[in-house]
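As structure tokens, the structure follows; a few thoughts come after it.
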Amino acid sequence: MKPLVMIVEDESALMTMLRYNLEKDGFRVCEASDGEEALTVVEENNPDLILLDWMLPMMSGIEVCRQLRRRPQSRDVPIIMITARGEEQDKIRGLNVGADDYLTKPFSMPELMARVRALLRRAQPATNKGSLGFEDISMDLTAHRVTRGGRYVHLGPTEFRLLQFLMEHPGCVFSREELLNAVWGPDIYVEPRTVDVHIRRLRKALNGETESDLIRTVRAAGYALDADPALQGSGAA
């Protein structure tokens with residue numbers, strides 16, 4: 001079945017243009033024109049991806065995103081935040097509440113479609129059966145499940161891919177640009193600061209009160225998965 005993309009947008013002209021281009025590209029589409037309606041439509045339709053405007057009637061896109069991430073049914077659904085707010089702090093705020101990507105208006109349709117396809121690819125469960133392990137972290141690639149010390153760790157699709165890449169290369173330091181190419185893909189432009197936001201989200205999910213931080217920050221270099229306590233504390237995202 002074709003993927004279902006949900007558009008949450010109150011500008012009718014933009015809604016029509018988005019629907020036309022998505023359907024032309026082979027996607028099914030459902031719509032909501034305000035924040036409260038969006039929460040209801042998600043429950044009724046279970047979309048595969050959500051295009052979410054920031055400035056919405058009834059409830060802001062930020063609050064919609066926050067509530068979707070709290071619900072088991074929608075916490076793993078990829079979300080692209082679409083907004084005219086282009087300041088860095090706005091982008092970081094959108095990513096921090098759970099958006100997987102952020103696109104500033106005006107944008108080109110080819111760029112939007114490329115981001116939609118890339119997010120849907122990353123959200124698909126891994127097809128290569130097997131598992132990865134590092135210290136007390138276990139990653140089941142078939143079940144798309146991560147545990148640490150037997151504790152289930154909830155990760156969004158981007159954090160899962162980021163952790164998978166780091167676990168495949170333990171001890172190796174990767175720059176933001178290298179992580180962007182490996183996790184987001186070389187054909188998608190995402191600002192390097194986006195990596196910092198997702199590293200913070202990954203750390204928050206992985207690290208309990210008594211658990212050590214296994215993600216090492218190397219100033220001016222990047223990040224690594226490293227269990228050597230002597231190398232920890234060299235900086236934090």
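Labels used: A, B, ... for chains in the order of the structure tokens, numbers from 1 for residues in each chain, and numbers from 1 for ligands as shown.
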
For stretch 179-215 of chain A against stretch 141-152 of chain A, with a cut-off of 10 Å and counting only C-alpha atoms, what is the closest atom pair and its distance in Å to one decimal for every residue that makes the cut, ordered by chain and number, as a tab-separated table?
```
residue	atom	partner	partner_atom	distance
A:Ala205	CA	A:Tyr152	CA	9.6
A:Leu206	CA	A:Arg148	CA	7.2
A:Asn207	CA	A:Arg148	CA	8.8
A:Gly208	CA	A:Arg148	CA	9.3
A:Glu211	CA	A:Arg148	CA	9.2
```

Create the file for the chosen residues now, containing N, CA and C atoms and written as an mmCIF file, in the first residue's frame.
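again04.cif written:
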```
data_model
loop_
_atom_site.group_PDB
_atom_site.id
_atom_site.type_symbol
_atom_site.label_atom_id
_atom_site.label_comp_id
_atom_site.auth_asym_id
_atom_site.auth_seq_id
_atom_site.Cartn_x
_atom_site.Cartn_y
_atom_site.Cartn_z
ATOM 1 N N ALA A 205 17.570 9.415 26.116
ATOM 2 C CA ALA A 205 16.893 8.122 26.083
ATOM 3 C C ALA A 205 17.774 7.008 26.642
ATOM 4 N N LEU A 206 19.063 7.065 26.356
ATOM 5 C CA LEU A 206 19.964 5.975 26.747
ATOM 6 C C LEU A 206 20.368 6.022 28.211
ATOM 7 N N ASN A 207 20.533 7.211 28.749
ATOM 8 C CA ASN A 207 21.169 7.346 30.054
ATOM 9 C C ASN A 207 20.163 7.477 31.188
ATOM 10 N N GLY A 208 20.081 6.438 32.019
ATOM 11 C CA GLY A 208 19.299 6.517 33.241
ATOM 12 C C GLY A 208 20.094 7.234 34.322
ATOM 13 N N GLU A 211 23.328 5.306 35.000
ATOM 14 C CA GLU A 211 24.028 4.754 33.848
ATOM 15 C C GLU A 211 25.025 5.762 33.280
#
```

* Asked: What residues in stretch 31-227 of chain A get the DSSP label alpha helix (DSSP H)? Please answer as a ChimeraX atom specification.
  -> /A:35-45,61-70,88-96,109-123,157-168,176-179,193-206

* To do: For each of A:Met17, A:Val97, A:Ile50, A:Ser131, take the minimum atom-to-atom distance to A:Glu168, counting only C-alpha atoms, then give the residue where this is smallest.
  =>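 Checking each candidate against A:Glu168, we get A:Ser131 as the closest.
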
* Of the candidates A:Ala99, A:Met113, A:Leu49, A:Ala84, which shows the shortest atom-to-atom distance to A:Glu63, using only C-alpha atoms? ->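 Answer, going by the shortest atom-to-atom distance: A:Ala99.
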
* To do: For each of A:Arg122, A:Glu31, A:Leu162, A:Arg115, take the minimum atom-to-atom distance to A:Ser12, counting only C-alpha atoms, then give the residue where this is smallest.
  => A:Glu31

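Taking atom CA of A:Ile137 as the reference point, atom CA of A:Arg66 is found at 26.9 Å.
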